[in-house]
Amino acid sequence: MRQTLLISIFGGILPLFSHGFTVMNTHPFVTKNGVSYTSLNASPDPSESNVNALQPGDTIAVIGASGNVGKLVTLRLSDTYKVNGVVRNKSNTELTNFFKGTSNEDRINLYESDLLEELTSSTPGSTLHPALESANAIVICTGTTAFPTNAWSKSGEFSVTTEVLKALTDNKFNVAAGLKRLDELGLNTPNNVDDYANALLLDTWANCGNVPKKRVILLSSIGVQRRTAMPFPILNACGVLTAKASAEANLISSAQSQNYSYTIIRPGQLFGGPYDNNYYLGTLFQLDKDAETQNVEVGRGDELLGDTLRSTLAEITAQVCENDLARDMDFAAVNVKGDAPSIEVVQQRLGAL
């Protein structure tokens, strides 16, 4: 009841923003813990003309590798690359079991770092160095919920209702002031997770290691460029789209100044397994797309509407890396009605962006 009250206060009526958000699914790649993951099995064919093209055997740091999307991205990228997964707790049994026994287990190394603790550390970014110093590229899979949930707590496991209500009442229910107070408390708010932590991450990477820095891929969200148009103002009531917009702008600026490539992928509402460690609406209801919604639609900018399967998002990320596609651009990706496209068709669609 208190959670519903908080959502109402922040202008969030869940059915309103659950409508019209979608993403793609393709051929099964691997079955792990009863969940089929997507793969298009593309053969690596890096572009020799691009100095920033990733090569098989390069190292990619996956930030948020313990999250539902991050685990799939880590697993899929390990087909072609060495993967440094950045997590809060690498001793987590569920996490280690997820990768245990996979054919590429020896290519995945996990590193511990709490990005929010790093923001207030006397040596900001220091725990990120071991994972980033050998990284040729970064994939950012971190994120938080649009509205206050357990995911906003420091551990991601406890209620923040008391903190939210106090922040609101102390600030006479001024939402902006209340959110600023929650930022200051070090909670997993949109500003802290999507904006400030990502900025620290890019700054840290720029100043550590001697390997070529080739690319950063940011998993963002549809609606970032449409946050003033319905229904996105509802989703943005706590500033999640504004924070992601700031992260996007910072990435573009950093890539241009540091001379590496960037790609911003905008999925819709995320659905599909794995169903742990998350408090998103799609996870709570476990609503996988049906077998008739397998086709893939991609479009530059932020114009599509739909939902995105986590497995599809992981596969698109891998395709972008393996085939040097969608370089220095932003695009949206959603699932639509129809059969899963062939490998060649997906590559053509990404290549035509």
# chains A, B, ... in the order shown; residues from 1 in each chain; ligands from 1

call {"tool": "residues_around", "arguments": {"residues": "Pro190 in chain A", "least_positions_apart": "4", "cutoff": "7 Å", "atoms": "only C-alpha atoms", "output": "ChimeraX atom specification"}}
result
/A:144,194,239-240,243

call {"tool": "residues_around", "arguments": {"residues": "Tyr196 in chain A", "least_positions_apart": "4", "cutoff": "12 Å", "atoms": "only C-alpha atoms", "output": "tab-separated table (two decimals) with N, CA and C atoms, in the first residue's frame"}}
result
chain	number	residue	atom	x	y	z
A	115	LEU	N	29.86	1.19	-7.63
A	115	LEU	CA	30.01	2.50	-8.26
A	115	LEU	C	29.54	3.64	-7.38
A	116	LEU	N	28.48	3.42	-6.62
A	116	LEU	CA	27.97	4.51	-5.77
A	116	LEU	C	28.92	4.79	-4.62
A	117	GLU	N	29.55	3.75	-4.08
A	117	GLU	CA	30.57	3.98	-3.05
A	117	GLU	C	31.77	4.70	-3.63
A	118	GLU	N	32.08	4.41	-4.88
A	118	GLU	CA	33.21	5.07	-5.54
A	118	GLU	C	32.97	6.57	-5.69
A	119	LEU	N	31.71	6.97	-5.82
A	119	LEU	CA	31.40	8.39	-5.99
A	119	LEU	C	31.84	9.22	-4.79
A	120	THR	N	31.79	8.61	-3.61
A	120	THR	CA	32.13	9.34	-2.38
A	120	THR	C	33.46	8.88	-1.78
A	124	PRO	N	38.21	8.16	-5.86
A	124	PRO	CA	37.11	7.75	-6.75
A	124	PRO	C	37.59	6.92	-7.94
A	125	GLY	N	36.92	5.79	-8.14
A	125	GLY	CA	37.22	4.94	-9.28
A	125	GLY	C	38.31	3.92	-9.06
A	142	THR	N	24.20	-0.97	-16.47
A	142	THR	CA	23.62	-0.57	-15.19
A	142	THR	C	22.35	0.25	-15.40
A	143	GLY	N	21.54	0.28	-14.38
A	143	GLY	CA	20.31	1.06	-14.43
A	143	GLY	C	19.53	0.86	-13.14
A	183	ASP	N	19.37	11.43	-3.60
A	183	ASP	CA	20.69	11.36	-4.25
A	183	ASP	C	21.79	11.51	-3.20
A	184	GLU	N	21.62	12.49	-2.32
A	184	GLU	CA	22.63	12.77	-1.30
A	184	GLU	C	22.79	11.62	-0.32
A	186	GLY	N	22.90	8.65	-1.12
A	186	GLY	CA	23.67	7.60	-1.77
A	186	GLY	C	22.83	6.42	-2.23
A	188	ASN	N	20.32	4.25	-4.87
A	188	ASN	CA	20.41	3.92	-6.29
A	188	ASN	C	19.37	4.69	-7.10
A	189	THR	N	19.45	5.99	-7.05
A	189	THR	CA	18.52	6.85	-7.76
A	189	THR	C	18.96	6.98	-9.23
A	190	PRO	N	18.07	7.42	-10.11
A	190	PRO	CA	18.47	7.63	-11.50
A	190	PRO	C	19.69	8.54	-11.66
A	191	ASN	N	19.73	9.63	-10.94
A	191	ASN	CA	20.89	10.52	-11.05
A	191	ASN	C	22.18	9.83	-10.66
A	192	ASN	N	22.15	9.13	-9.53
A	192	ASN	CA	23.37	8.47	-9.06
A	192	ASN	C	23.82	7.35	-9.98
A	200	LEU	N	31.75	8.94	-13.81
A	200	LEU	CA	32.94	8.48	-13.10
A	200	LEU	C	33.58	7.31	-13.85
A	201	LEU	N	32.76	6.41	-14.33
A	201	LEU	CA	33.26	5.24	-15.06
A	201	LEU	C	34.08	5.66	-16.28
A	202	LEU	N	33.55	6.56	-17.07
A	202	LEU	CA	34.26	7.00	-18.28
A	202	LEU	C	35.54	7.75	-17.94
A	203	ASP	N	35.49	8.57	-16.90
A	203	ASP	CA	36.69	9.30	-16.47
A	203	ASP	C	37.77	8.34	-16.00
A	243	ALA	N	18.23	11.70	-16.52
A	243	ALA	CA	19.54	11.19	-16.11
A	243	ALA	C	20.19	10.41	-17.25
A	244	LYS	N	19.40	9.62	-17.96
A	244	LYS	CA	19.95	8.87	-19.09
A	244	LYS	C	20.37	9.80	-20.23
A	245	ALA	N	19.61	10.88	-20.42
A	245	ALA	CA	19.99	11.87	-21.44
A	245	ALA	C	21.34	12.49	-21.11
A	246	SER	N	21.56	12.78	-19.84
A	246	SER	CA	22.84	13.34	-19.42
A	246	SER	C	23.97	12.34	-19.66
A	247	ALA	N	23.70	11.07	-19.36
A	247	ALA	CA	24.72	10.03	-19.58
A	247	ALA	C	25.04	9.90	-21.06
A	248	GLU	N	24.03	9.98	-21.91
A	248	GLU	CA	24.25	9.89	-23.35
A	248	GLU	C	25.12	11.05	-23.84
A	250	ASN	N	27.17	12.89	-22.14
A	250	ASN	CA	28.53	12.78	-21.59
A	250	ASN	C	29.34	11.75	-22.35
A	251	LEU	N	28.69	10.64	-22.74
A	251	LEU	CA	29.40	9.61	-23.50
A	251	LEU	C	29.85	10.16	-24.85

call {"tool": "closest_residue", "arguments": {"among": "A:Ile108, A:Glu163, A:Val211, A:Asp302", "to": "Phe232 in chain A", "atoms": "only C-alpha atoms"}}
result
A:Asp302

call {"tool": "residues_around", "arguments": {"residues": "Asn259 in chain A", "least_positions_apart": "2", "cutoff": "10 Å", "atoms": "only C-alpha atoms", "output": "list in words"}}
result
Asn52, Lys213, Lys214, Arg215, Ser253, Ser254, Ala255, Gln256, Ser257, Ser261 and Tyr262 of chain A

call {"tool": "write_last_selection", "arguments": {"atoms": "N, CA and C atoms", "output": "PDB file, in the first residue's frame"}}
result
ATOM      1  N   ASN A  52      39.229   1.483 -34.559  1.00  0.00           N
ATOM      2  CA  ASN A  52      38.501   1.183 -33.332  1.00  0.00           C
ATOM      3  C   ASN A  52      37.657  -0.082 -33.417  1.00  0.00           C
ATOM      4  N   LYS A 213      41.870   2.008 -26.456  1.00  0.00           N
ATOM      5  CA  LYS A 213      40.484   2.196 -26.037  1.00  0.00           C
ATOM      6  C   LYS A 213      39.646   2.397 -27.296  1.00  0.00           C
ATOM      7  N   LYS A 214      38.786   1.427 -27.605  1.00  0.00           N
ATOM      8  CA  LYS A 214      38.141   1.386 -28.908  1.00  0.00           C
ATOM      9  C   LYS A 214      36.671   1.815 -28.911  1.00  0.00           C
ATOM     10  N   ARG A 215      35.937   1.428 -27.867  1.00  0.00           N
ATOM     11  CA  ARG A 215      34.485   1.627 -27.991  1.00  0.00           C
ATOM     12  C   ARG A 215      33.784   1.563 -26.640  1.00  0.00           C
ATOM     13  N   SER A 253      30.438  13.226 -25.733  1.00  0.00           N
ATOM     14  CA  SER A 253      31.513  14.182 -25.518  1.00  0.00           C
ATOM     15  C   SER A 253      32.826  13.476 -25.202  1.00  0.00           C
ATOM     16  N   SER A 254      32.765  12.462 -24.330  1.00  0.00           N
ATOM     17  CA  SER A 254      33.967  11.730 -23.948  1.00  0.00           C
ATOM     18  C   SER A 254      34.551  10.980 -25.137  1.00  0.00           C
ATOM     19  N   ALA A 255      33.695  10.351 -25.940  1.00  0.00           N
ATOM     20  CA  ALA A 255      34.169   9.596 -27.098  1.00  0.00           C
ATOM     21  C   ALA A 255      34.870  10.505 -28.097  1.00  0.00           C
ATOM     22  N   GLN A 256      34.310  11.674 -28.296  1.00  0.00           N
ATOM     23  CA  GLN A 256      34.910  12.612 -29.238  1.00  0.00           C
ATOM     24  C   GLN A 256      36.254  13.140 -28.744  1.00  0.00           C
ATOM     25  N   SER A 257      36.336  13.410 -27.450  1.00  0.00           N
ATOM     26  CA  SER A 257      37.587  13.950 -26.907  1.00  0.00           C
ATOM     27  C   SER A 257      38.663  12.892 -26.755  1.00  0.00           C
ATOM     28  N   SER A 261      35.063   5.083 -30.355  1.00  0.00           N
ATOM     29  CA  SER A 261      33.721   5.007 -30.922  1.00  0.00           C
ATOM     30  C   SER A 261      32.688   4.791 -29.817  1.00  0.00           C
ATOM     31  N   TYR A 262      31.468   5.202 -30.094  1.00  0.00           N
ATOM     32  CA  TYR A 262      30.388   4.972 -29.139  1.00  0.00           C
ATOM     33  C   TYR A 262      29.158   4.455 -29.870  1.00  0.00           C
TER      34      TYR A 262
END

call {"tool": "atom_distance", "arguments": {"atom1": "CA of Phe158 in chain A", "atom2": "CA of Leu182 in chain A"}}
result
14.7 Å

call {"tool": "select_by_dssp", "arguments": {"residues": "range 205-297 of chain A", "states": "alpha helix (DSSP H)", "output": "ChimeraX atom specification"}}
result
/A:205-206,232-235,240-258,281-285

call {"tool": "residues_around", "arguments": {"residues": "Ser221 in chain A", "least_positions_apart": "3", "cutoff": "9 Å", "atoms": "only C-alpha atoms", "output": "list in words"}}
result
Val224, Leu241, Lys244, Ile265, Arg266, Pro267, Gly268, Gln269, Asp302 and Ala332 of chain A

call {"tool": "write_last_selection", "arguments": {"atoms": "N, CA, C and O atoms", "output": "compact mmCIF listing (two decimals), in the first residue's frame"}}
result
# COMPACT_ATOMS: atom_id res chain seq x y z
N VAL A 224 14.15 8.85 -24.20
CA VAL A 224 15.12 9.85 -23.73
C VAL A 224 14.97 11.15 -24.50
O VAL A 224 15.00 12.25 -23.90
N LEU A 241 14.69 9.45 -17.30
CA LEU A 241 15.04 9.74 -18.69
C LEU A 241 15.98 10.94 -18.79
O LEU A 241 16.85 10.99 -19.66
N LYS A 244 19.40 9.62 -17.96
CA LYS A 244 19.95 8.87 -19.09
C LYS A 244 20.37 9.80 -20.23
O LYS A 244 21.37 9.56 -20.91
N ILE A 265 22.30 2.28 -27.47
CA ILE A 265 21.19 1.41 -27.85
C ILE A 265 20.01 1.72 -26.94
O ILE A 265 20.14 1.68 -25.71
N ARG A 266 18.86 2.00 -27.54
CA ARG A 266 17.66 2.34 -26.77
C ARG A 266 16.63 1.22 -26.86
O ARG A 266 15.88 1.15 -27.84
N PRO A 267 16.58 0.35 -25.87
CA PRO A 267 15.53 -0.66 -25.83
C PRO A 267 14.24 -0.08 -25.26
O PRO A 267 14.25 1.01 -24.67
N GLY A 268 13.15 -0.81 -25.41
CA GLY A 268 11.91 -0.43 -24.76
C GLY A 268 11.81 -1.09 -23.40
O GLY A 268 12.82 -1.51 -22.82
N GLN A 269 10.59 -1.21 -22.90
CA GLN A 269 10.36 -1.92 -21.64
C GLN A 269 10.94 -3.32 -21.76
O GLN A 269 10.68 -4.05 -22.71
N ASP A 302 15.26 8.10 -31.71
CA ASP A 302 14.35 7.67 -30.64
C ASP A 302 12.91 7.83 -31.12
O ASP A 302 12.17 8.69 -30.66
N ALA A 332 17.20 2.83 -31.64
CA ALA A 332 16.25 2.07 -30.83
C ALA A 332 16.06 0.69 -31.42
O ALA A 332 16.24 0.49 -32.63
